[in-house]
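model.tsv follows; it contains TSV, C-alpha atoms.
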```tsv
chain	number	residue	atom	x	y	z
A	1	MET	CA	0.00	0.00	0.00
A	2	ILE	CA	1.05	3.56	-0.64
A	3	ALA	CA	2.75	5.08	2.40
A	4	ILE	CA	3.24	8.82	2.86
A	5	ARG	CA	5.00	9.64	6.10
A	6	THR	CA	6.39	13.06	5.15
A	7	ALA	CA	5.20	15.55	2.53
A	8	LEU	CA	7.45	18.44	1.51
A	9	CYS	CA	5.80	21.63	0.30
A	10	PRO	CA	8.27	24.20	-1.14
A	11	VAL	CA	6.51	27.57	-1.31
A	12	ASP	CA	7.48	30.90	-2.87
A	13	PHE	CA	4.65	32.94	-1.29
A	14	SER	CA	3.03	33.46	-4.69
A	15	ALA	CA	-0.72	33.36	-5.24
A	16	ALA	CA	-0.45	29.58	-5.69
A	17	SER	CA	1.11	28.96	-2.29
A	18	ALA	CA	-2.06	28.86	-0.18
A	19	ARG	CA	-3.83	26.23	-2.29
A	20	GLN	CA	-0.59	24.27	-2.60
A	21	VAL	CA	-0.24	24.19	1.20
A	22	ASP	CA	-3.92	23.28	1.61
A	23	LEU	CA	-3.56	20.32	-0.73
A	24	ALA	CA	-0.38	19.14	1.01
A	25	ALA	CA	-2.15	19.43	4.37
A	26	ASP	CA	-5.13	17.47	3.03
A	27	ILE	CA	-2.75	14.67	1.99
A	28	CYS	CA	-1.03	14.70	5.38
A	29	ARG	CA	-4.36	14.44	7.20
A	30	ALA	CA	-5.37	11.48	5.04
A	31	PHE	CA	-2.11	9.59	5.57
A	32	GLY	CA	-1.21	10.74	9.08
A	33	ALA	CA	1.95	12.31	7.70
A	34	ARG	CA	4.03	15.26	8.82
A	35	LEU	CA	4.22	18.34	6.63
A	36	VAL	CA	7.44	20.25	5.96
A	37	LEU	CA	6.96	23.79	4.61
A	38	HIS	CA	10.09	25.05	2.86
A	39	HIS	CA	11.13	28.40	1.41
A	40	ASN	CA	14.36	29.36	-0.34
A	41	VAL	CA	15.19	33.01	0.26
A	42	ARG	CA	17.11	33.57	-2.95
A	43	ASP	CA	17.26	31.88	-6.34
A	44	VAL	CA	20.88	32.16	-7.52
A	45	SER	CA	22.86	30.29	-10.15
A	46	ALA	CA	22.42	26.53	-10.26
A	47	GLY	CA	26.09	26.03	-9.39
A	48	ALA	CA	25.81	27.76	-6.04
A	49	GLY	CA	25.79	25.79	-2.82
A	50	VAL	CA	22.98	25.63	-0.32
A	51	GLY	CA	23.18	27.37	3.01
A	52	TRP	CA	20.75	26.87	5.87
A	53	MET	CA	19.00	29.36	8.10
A	54	TRP	CA	21.15	32.38	9.00
A	55	HIS	CA	23.42	31.92	5.98
A	56	ALA	CA	26.26	34.46	6.09
A	57	ASP	CA	25.32	35.90	2.68
A	58	HIS	CA	21.89	36.97	3.89
A	59	ALA	CA	20.82	39.59	6.36
A	60	PRO	CA	19.10	38.01	9.39
A	61	SER	CA	15.95	40.02	8.63
A	62	GLU	CA	15.52	38.23	5.29
A	63	SER	CA	15.54	34.77	6.84
A	64	ILE	CA	13.48	35.96	9.81
A	65	GLY	CA	10.88	37.37	7.43
A	66	ALA	CA	10.67	34.12	5.47
A	67	ALA	CA	10.47	32.07	8.66
A	68	SER	CA	7.70	34.32	9.95
A	69	ARG	CA	5.67	33.94	6.76
A	70	LEU	CA	6.07	30.16	6.86
A	71	SER	CA	4.92	30.18	10.48
A	72	ARG	CA	1.80	32.12	9.49
A	73	LEU	CA	1.05	29.56	6.79
A	74	ALA	CA	1.52	26.76	9.33
A	75	ALA	CA	-0.64	28.47	11.96
A	76	ARG	CA	-3.77	28.37	9.80
A	77	LEU	CA	-3.52	24.60	9.26
A	78	PRO	CA	-5.46	22.05	11.37
A	79	LYS	CA	-3.93	21.80	14.83
A	80	GLU	CA	-3.68	18.02	14.67
A	81	LEU	CA	-1.11	18.21	11.89
A	82	VAL	CA	2.60	17.96	12.66
A	83	VAL	CA	4.11	20.86	10.69
A	84	GLU	CA	7.75	21.87	10.41
A	85	THR	CA	9.14	24.92	8.64
A	86	CYS	CA	12.51	25.22	6.94
A	87	VAL	CA	14.30	28.19	5.35
A	88	THR	CA	17.27	27.73	3.00
A	89	SER	CA	19.37	30.06	0.90
A	90	GLY	CA	21.17	29.51	-2.38
A	91	ALA	CA	19.94	27.87	-5.56
A	92	VAL	CA	16.27	27.01	-5.23
A	93	ILE	CA	16.62	23.73	-7.15
A	94	THR	CA	19.44	22.57	-4.92
A	95	GLY	CA	17.55	23.70	-1.83
A	96	VAL	CA	14.46	21.66	-2.71
A	97	MET	CA	16.55	18.61	-3.58
A	98	VAL	CA	18.55	18.70	-0.36
A	99	VAL	CA	15.56	19.36	1.89
A	100	ALA	CA	13.67	16.52	0.20
A	101	GLU	CA	16.54	14.17	1.05
A	102	ALA	CA	16.95	15.55	4.56
A	103	ALA	CA	13.25	15.19	5.29
A	104	GLU	CA	13.08	11.76	3.61
A	105	ALA	CA	10.04	13.13	1.81
A	106	ASP	CA	7.72	10.57	0.30
A	107	LEU	CA	5.96	13.27	-1.73
A	108	ILE	CA	6.90	16.78	-2.88
A	109	VAL	CA	3.91	19.07	-3.49
A	110	LEU	CA	4.71	22.16	-5.54
A	111	SER	CA	3.31	24.50	-8.17
A	112	GLU	CA	4.35	25.10	-11.75
A	113	HIS	CA	4.08	28.79	-12.61
A	114	ALA	CA	3.22	29.68	-16.19
A	115	GLY	CA	5.34	32.45	-17.68
A	116	LYS	CA	8.15	32.23	-15.15
A	117	THR	CA	11.82	32.00	-16.02
A	118	GLU	CA	13.35	28.80	-17.34
A	119	ASP	CA	15.30	28.37	-14.10
A	120	HIS	CA	12.11	28.56	-12.07
A	121	ALA	CA	10.27	26.14	-14.35
A	122	SER	CA	13.19	23.72	-14.24
A	123	VAL	CA	12.64	22.93	-10.55
A	124	ILE	CA	9.99	20.36	-11.48
A	125	GLU	CA	11.98	19.22	-14.51
A	126	THR	CA	15.09	18.68	-12.38
A	127	LEU	CA	13.14	16.73	-9.77
A	128	LEU	CA	11.72	14.49	-12.47
A	129	ASP	CA	15.15	13.98	-13.99
A	130	ARG	CA	17.31	13.56	-10.90
A	131	SER	CA	15.21	12.83	-7.84
A	132	ASN	CA	13.56	9.58	-6.85
A	133	ARG	CA	10.92	11.32	-4.74
A	134	ALA	CA	7.32	11.36	-5.87
A	135	VAL	CA	6.15	14.77	-7.10
A	136	LEU	CA	2.62	16.18	-7.10
A	137	ALA	CA	2.67	19.22	-9.39
A	138	LEU	CA	-0.10	21.83	-9.43
A	139	HIS	CA	-0.69	24.78	-11.73
A	140	ASP	CA	-1.33	28.44	-11.05
A	141	PRO	CA	-4.75	29.29	-9.57
A	142	GLY	CA	-7.45	29.00	-12.23
A	143	ALA	CA	-5.49	26.58	-14.43
A	144	ASP	CA	-6.56	23.44	-12.58
A	145	ILE	CA	-10.22	22.74	-13.32
A	146	VAL	CA	-10.40	20.45	-10.29
A	147	LEU	CA	-8.09	19.41	-7.46
A	148	PRO	CA	-7.92	15.95	-5.90
A	149	ARG	CA	-9.45	15.50	-2.45
A	150	PHE	CA	-7.81	13.27	0.11
A	151	ALA	CA	-8.76	13.60	3.79
A	152	SER	CA	-11.79	15.71	2.87
A	153	ALA	CA	-13.03	12.99	0.54
A	154	HIS	CA	-13.81	10.77	3.52
A	155	ASN	CA	-16.36	13.33	4.70
A	156	HIS	CA	-18.28	13.46	1.43
A	157	ASN	CA	-19.78	10.74	-0.66
A	158	LEU	CA	-18.32	12.29	-3.81
A	159	MET	CA	-16.68	10.13	-6.45
A	160	GLN	CA	-13.62	11.61	-8.12
A	161	ALA	CA	-11.72	10.30	-11.12
A	162	ILE	CA	-8.01	9.81	-11.74
A	163	LEU	CA	-6.17	8.91	-14.93
A	164	VAL	CA	-3.19	6.54	-14.97
A	165	PRO	CA	-1.38	5.91	-18.28
A	166	ALA	CA	0.24	2.48	-18.51
A	167	ASN	CA	2.92	1.68	-21.09
A	168	LEU	CA	3.03	-2.12	-20.51
A	169	THR	CA	6.83	-2.25	-20.58
A	170	GLY	CA	8.53	-4.10	-17.76
A	171	GLU	CA	7.02	-6.24	-15.07
A	172	SER	CA	6.39	-3.54	-12.45
A	173	HIS	CA	4.06	-0.57	-12.76
A	174	PRO	CA	4.55	1.68	-9.71
A	175	SER	CA	2.23	4.44	-10.94
A	176	VAL	CA	-0.56	1.93	-11.57
A	177	ASP	CA	-0.05	0.54	-8.08
A	178	VAL	CA	-0.31	4.04	-6.60
A	179	ALA	CA	-3.51	4.74	-8.53
A	180	PHE	CA	-5.16	1.56	-7.28
A	181	ASP	CA	-3.98	2.19	-3.72
A	182	LEU	CA	-5.68	5.59	-3.91
A	183	ALA	CA	-8.82	3.84	-5.12
A	184	ARG	CA	-8.71	1.61	-2.04
A	185	LEU	CA	-8.39	4.60	0.27
A	186	LEU	CA	-10.73	7.09	-1.41
A	187	PRO	CA	-13.94	7.15	-3.45
A	188	VAL	CA	-12.04	7.14	-6.74
A	189	ARG	CA	-12.80	5.89	-10.24
A	190	VAL	CA	-9.63	4.88	-12.10
A	191	HIS	CA	-9.24	5.38	-15.84
A	192	LEU	CA	-6.42	3.10	-17.00
A	193	LEU	CA	-5.09	4.28	-20.36
A	194	HIS	CA	-2.67	2.72	-22.82
A	195	VAL	CA	-1.51	4.80	-25.78
A	196	ILE	CA	-0.15	3.11	-28.87
A	197	GLU	CA	2.49	5.28	-30.52
A	198	PRO	CA	2.15	4.74	-34.31
A	199	ARG	CA	5.79	5.54	-35.01
A	200	ARG	CA	6.93	2.87	-32.54
A	201	VAL	CA	4.74	0.05	-33.81
A	202	ARG	CA	6.87	-2.43	-35.75
A	203	ASP	CA	4.38	-5.29	-35.71
A	204	ARG	CA	0.67	-4.53	-36.07
A	205	SER	CA	-0.04	-7.20	-33.47
A	206	GLU	CA	1.41	-4.72	-30.97
A	207	ALA	CA	-1.54	-2.44	-31.76
A	208	ASP	CA	-4.19	-5.16	-31.71
A	209	PRO	CA	-6.83	-4.34	-29.04
A	210	ALA	CA	-7.56	-8.05	-28.68
A	211	THR	CA	-3.97	-8.49	-27.48
A	212	ILE	CA	-3.51	-5.32	-25.47
A	213	LYS	CA	-6.79	-5.06	-23.56
A	214	PRO	CA	-6.35	-8.37	-21.73
A	215	ARG	CA	-2.87	-7.24	-20.65
A	216	LEU	CA	-4.34	-4.02	-19.31
A	217	ALA	CA	-7.16	-5.86	-17.59
A	218	ALA	CA	-4.61	-8.12	-15.91
A	219	LEU	CA	-3.19	-5.04	-14.13
A	220	VAL	CA	-6.54	-4.31	-12.44
A	221	PRO	CA	-6.93	-5.81	-8.93
A	222	ALA	CA	-10.23	-7.55	-8.29
A	223	ASP	CA	-11.12	-5.35	-5.32
A	224	VAL	CA	-11.18	-2.16	-7.43
A	225	ALA	CA	-12.28	-3.64	-10.77
A	226	ALA	CA	-15.80	-2.26	-10.41
A	227	ARG	CA	-14.40	1.27	-10.29
A	228	THR	CA	-11.85	0.87	-13.09
A	229	THR	CA	-12.29	1.50	-16.80
A	230	VAL	CA	-9.69	0.41	-19.36
A	231	HIS	CA	-9.04	2.63	-22.38
A	232	LEU	CA	-6.95	2.15	-25.50
A	233	ASP	CA	-5.88	4.98	-27.81
A	234	GLU	CA	-3.56	5.33	-30.80
A	235	ASP	CA	-1.81	8.68	-30.90
A	236	ASN	CA	1.24	10.47	-29.60
A	237	PRO	CA	1.29	10.08	-25.80
A	238	VAL	CA	1.23	13.75	-24.76
A	239	PRO	CA	-1.93	14.88	-26.60
A	240	ALA	CA	-3.63	11.56	-25.90
A	241	ILE	CA	-3.04	11.78	-22.15
A	242	VAL	CA	-4.01	15.45	-21.94
A	243	GLU	CA	-7.18	14.92	-23.98
A	244	ALA	CA	-8.17	11.88	-21.91
A	245	ALA	CA	-7.75	13.88	-18.71
A	246	LYS	CA	-10.09	16.55	-20.06
A	247	ARG	CA	-12.59	14.05	-21.46
A	248	PHE	CA	-12.89	12.08	-18.22
A	249	GLY	CA	-12.83	15.15	-15.96
A	250	VAL	CA	-10.12	13.70	-13.74
A	251	SER	CA	-8.81	15.43	-10.64
A	252	CYS	CA	-5.30	14.00	-11.04
A	253	ILE	CA	-3.07	12.25	-13.57
A	254	VAL	CA	-0.78	9.62	-12.06
A	255	MET	CA	2.35	9.27	-14.22
A	256	GLY	CA	5.21	6.85	-13.72
A	257	GLU	CA	8.84	6.00	-14.43
A	258	HIS	CA	10.52	9.38	-14.17
A	259	THR	CA	13.88	8.59	-12.60
A	260	ARG	CA	17.16	7.32	-13.94
A	261	ARG	CA	15.76	4.93	-16.49
A	262	PRO	CA	18.06	4.01	-19.39
A	263	VAL	CA	15.02	3.93	-21.65
A	264	LYS	CA	12.38	6.64	-21.14
A	265	ARG	CA	9.75	5.82	-23.72
A	266	TRP	CA	7.04	8.15	-22.53
A	267	LEU	CA	8.28	10.37	-19.77
A	268	THR	CA	11.18	12.23	-21.28
A	269	ARG	CA	11.72	15.62	-19.69
A	270	ASP	CA	10.01	17.30	-22.62
A	271	ASN	CA	7.00	14.98	-22.44
A	272	ALA	CA	6.75	15.34	-18.66
A	273	ARG	CA	6.59	19.12	-18.93
A	274	ALA	CA	4.29	19.02	-21.96
A	275	ILE	CA	1.79	16.86	-20.10
A	276	LEU	CA	1.96	19.12	-17.06
A	277	HIS	CA	1.55	22.26	-19.19
A	278	GLY	CA	-1.47	20.84	-21.00
A	279	ALA	CA	-3.15	18.99	-18.16
A	280	PRO	CA	-6.35	20.45	-16.67
A	281	CYS	CA	-5.44	19.06	-13.24
A	282	PRO	CA	-2.43	18.27	-11.04
A	283	VAL	CA	0.00	15.55	-12.11
A	284	TRP	CA	1.37	13.00	-9.64
A	285	TYR	CA	4.74	11.71	-10.87
A	286	VAL	CA	5.67	8.34	-9.36
A	287	PRO	CA	9.34	7.23	-9.37
A	288	SER	CA	10.31	3.81	-10.61
A	289	VAL	CA	12.98	3.52	-7.90
A	290	LYS	CA	12.26	3.95	-4.21
A	291	PRO	CA	14.34	6.65	-2.48
A	292	ALA	CA	17.16	5.71	-0.18
A	293	ALA	CA	17.10	6.84	3.43
A	294	GLY	CA	18.17	10.45	3.86
A	295	TRP	CA	19.30	12.44	6.84
A	296	SER	CA	17.42	13.63	9.88
A	297	LEU	CA	15.95	17.12	9.74
A	298	GLU	CA	17.06	17.66	13.32
A	299	ARG	CA	20.58	18.15	11.91
A	300	PHE	CA	19.45	21.44	10.43
A	301	ALA	CA	18.00	24.67	11.81
A	302	LEU	CA	14.27	24.17	11.69
A	303	SER	CA	11.39	25.81	13.51
A	304	ARG	CA	8.68	23.35	14.46
A	305	GLU	CA	5.02	24.29	14.67
A	306	GLN	CA	2.74	21.92	16.55
```

For the file at hand, write its structure as structure tokens.
Amino acid sequence: MIAIRTALCPVDFSAASARQVDLAADICRAFGARLVLHHNVRDVSAGAGVGWMWHADHAPSESIGAASRLSRLAARLPKELVVETCVTSGAVITGVMVVAEAAEADLIVLSEHAGKTEDHASVIETLLDRSNRAVLALHDPGADIVLPRFASAHNHNLMQAILVPANLTGESHPSVDVAFDLARLLPVRVHLLHVIEPRRVRDRSEADPATIKPRLAALVPADVAARTTVHLDEDNPVPAIVEAAKRFGVSCIVMGEHTRRPVKRWLTRDNARAILHGAPCPVWYVPSVKPAAGWSLERFALSREQ
């Protein structure tokens, strides 16, 4: 079963931060996880190192101000949540990566901002390329038609839908497993999609629905079969996945296999960003390799809010 013990939420205090924090808190309530709120006080060149709170290159007031704003975000969250706040300085990408390892984060919840600089946009891209932490990426306010509900879903008899593309390569399918685990925990209908890429088909039997659909059906556990629909499409993956998400009105796309794979058939960096840019909902990127144990956050200067 999916286990989320720690969720990391890097915030930049933009308009997207509040809803990003609310979603991360909703996840933590559902899984009984702790929430780490993180802010990097300055985005400098990618080659710069990371300093922690009270870095010599920053005036104390800058870090104090960031810590105070994080504390205000934490204070409005449900009191039963365990919330920690962390301020770093240096390159934002490096800061997020290091804090994710230090916190042993099972999930990183962050927002993709349209129209921002390439360096800012590359935070998600770098995580997908180099990290083996799961990433739940949102859009700016107004771009997501619907958001997934986690803890709140238990209080309402409202069915939500998620989309999980499956490429049928390999014997393990971590993203499919995550999608079905969510279906066990929440009132969720799963749309399982396989996209046949015409340019990759060498033998037409590879595109035969009579061959592919039974393989897809074999991925569906019996206990969630009644809430799972199998779909087959023939197109380029990016437009097919984006269009399916819109057509089915899903609250989340669960994508897989984003880390350190010698063959990345679907989720190249360009495809990962293209799906995120076009998706009408958040995208949950599931790594193919589980993260190794990191370090304890207590090694660093953190302020804890209970």

Write out as a list of chain:residue names each polymer residue whose atoms come within 6 Å of region 184-188 of chain A, counting all atoms listed in the file; drop sequence neighbours fewer than 4 positions from it.
-> A:Met159, A:Gln160, A:Ala161

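The spacing separating CA of Val238 (chain A) from CA of Asp181 (chain A) amounts to 24.6 Å.
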
Pick out the residues sitting within 10 Å of Leu8 (chain A), and hand them over as a PDB file with C-alpha atoms, in the frame of the given file; count all atoms listed in the file, and ignore anything fewer than 4 positions along from it in its own chain.
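This went into result.pdb:
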```pdb
ATOM      1  CA  VAL A  21      -0.240  24.190   1.200  1.00  0.00           C
ATOM      2  CA  ALA A  24      -0.380  19.140   1.010  1.00  0.00           C
ATOM      3  CA  ARG A  34       4.030  15.260   8.820  1.00  0.00           C
ATOM      4  CA  LEU A  35       4.220  18.340   6.630  1.00  0.00           C
ATOM      5  CA  VAL A  36       7.440  20.250   5.960  1.00  0.00           C
ATOM      6  CA  LEU A  37       6.960  23.790   4.610  1.00  0.00           C
ATOM      7  CA  HIS A  38      10.090  25.050   2.860  1.00  0.00           C
ATOM      8  CA  GLU A  84       7.750  21.870  10.410  1.00  0.00           C
ATOM      9  CA  THR A  85       9.140  24.920   8.640  1.00  0.00           C
ATOM     10  CA  VAL A  96      14.460  21.660  -2.710  1.00  0.00           C
ATOM     11  CA  VAL A  99      15.560  19.360   1.890  1.00  0.00           C
ATOM     12  CA  ALA A 100      13.670  16.520   0.200  1.00  0.00           C
ATOM     13  CA  ALA A 103      13.250  15.190   5.290  1.00  0.00           C
ATOM     14  CA  GLU A 104      13.080  11.760   3.610  1.00  0.00           C
ATOM     15  CA  ALA A 105      10.040  13.130   1.810  1.00  0.00           C
ATOM     16  CA  ASP A 106       7.720  10.570   0.300  1.00  0.00           C
ATOM     17  CA  LEU A 107       5.960  13.270  -1.730  1.00  0.00           C
ATOM     18  CA  ILE A 108       6.900  16.780  -2.880  1.00  0.00           C
ATOM     19  CA  VAL A 109       3.910  19.070  -3.490  1.00  0.00           C
ATOM     20  CA  LEU A 110       4.710  22.160  -5.540  1.00  0.00           C
ATOM     21  CA  VAL A 135       6.150  14.770  -7.100  1.00  0.00           C
TER      22      VAL A 135
END
```

Counting only C-alpha atoms, note down every residue that has an atom within 7 Å of the point (-11.1, 1.2, -20.1) (file coordinates), as a ChimeraX atom specification.
-> /A:191-193,229-232

Can you tell me how far CA of Lys79 (chain A) sits from CA of Ala30 (chain A), in Å to one decimal?
-> 14.3 Å

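With all atoms listed in the file as the atoms that count, the residue of A:Ala226, A:Val178, A:Ser288, A:Leu23 with the shortest distance to Ala3 (chain A) is A:Val178.
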
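Among the candidates A:Ala67, A:Leu168, A:Val283, A:Ile162, the one nearest to Leu216 (chain A) when counting all atoms listed in the file is A:Leu168.
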
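Atom pair CA of Val254 (chain A) / CA of Arg133 (chain A): separated by 13.9 Å.
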
Near-Val146 (chain A) list (8 Å; all atoms listed in the file; drop same-chain fewer than 6 positions) as number ranges by chain | A: 250-251, 280-281

Leaving out Ser111 (chain A) and any residue of its chain fewer than 2 positions from it, which residues lie within 10 Å of it when counting all atoms listed in the file, given as a ChimeraX atom specification?
-> /A:9-12,14,16-17,19-20,109,113-114,121,123-124,136-141,282

Can those selected residues be exported to a file as an mmCIF file, in the frame of the given file so that it contains C-alpha atoms?
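Saved the output as part11.cif:
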```
data_model
loop_
_atom_site.group_PDB
_atom_site.id
_atom_site.type_symbol
_atom_site.label_atom_id
_atom_site.label_comp_id
_atom_site.auth_asym_id
_atom_site.auth_seq_id
_atom_site.Cartn_x
_atom_site.Cartn_y
_atom_site.Cartn_z
ATOM 1 C CA CYS A 9 5.800 21.630 0.300
ATOM 2 C CA PRO A 10 8.270 24.200 -1.140
ATOM 3 C CA VAL A 11 6.510 27.570 -1.310
ATOM 4 C CA ASP A 12 7.480 30.900 -2.870
ATOM 5 C CA SER A 14 3.030 33.460 -4.690
ATOM 6 C CA ALA A 16 -0.450 29.580 -5.690
ATOM 7 C CA SER A 17 1.110 28.960 -2.290
ATOM 8 C CA ARG A 19 -3.830 26.230 -2.290
ATOM 9 C CA GLN A 20 -0.590 24.270 -2.600
ATOM 10 C CA VAL A 109 3.910 19.070 -3.490
ATOM 11 C CA HIS A 113 4.080 28.790 -12.610
ATOM 12 C CA ALA A 114 3.220 29.680 -16.190
ATOM 13 C CA ALA A 121 10.270 26.140 -14.350
ATOM 14 C CA VAL A 123 12.640 22.930 -10.550
ATOM 15 C CA ILE A 124 9.990 20.360 -11.480
ATOM 16 C CA LEU A 136 2.620 16.180 -7.100
ATOM 17 C CA ALA A 137 2.670 19.220 -9.390
ATOM 18 C CA LEU A 138 -0.100 21.830 -9.430
ATOM 19 C CA HIS A 139 -0.690 24.780 -11.730
ATOM 20 C CA ASP A 140 -1.330 28.440 -11.050
ATOM 21 C CA PRO A 141 -4.750 29.290 -9.570
ATOM 22 C CA PRO A 282 -2.430 18.270 -11.040
#
```

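Distances here use all atoms listed in the file; by that measure, the residue among A:Ala166, A:Leu182, A:Ile196, A:Leu128 closest to Arg215 (chain A) is A:Ala166.
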
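Using all atoms listed in the file, the shortest contact distance between Ser172 (chain A) and any of A:His277, A:Ala66, A:Leu219, A:Asp22 is found at A:Leu219.
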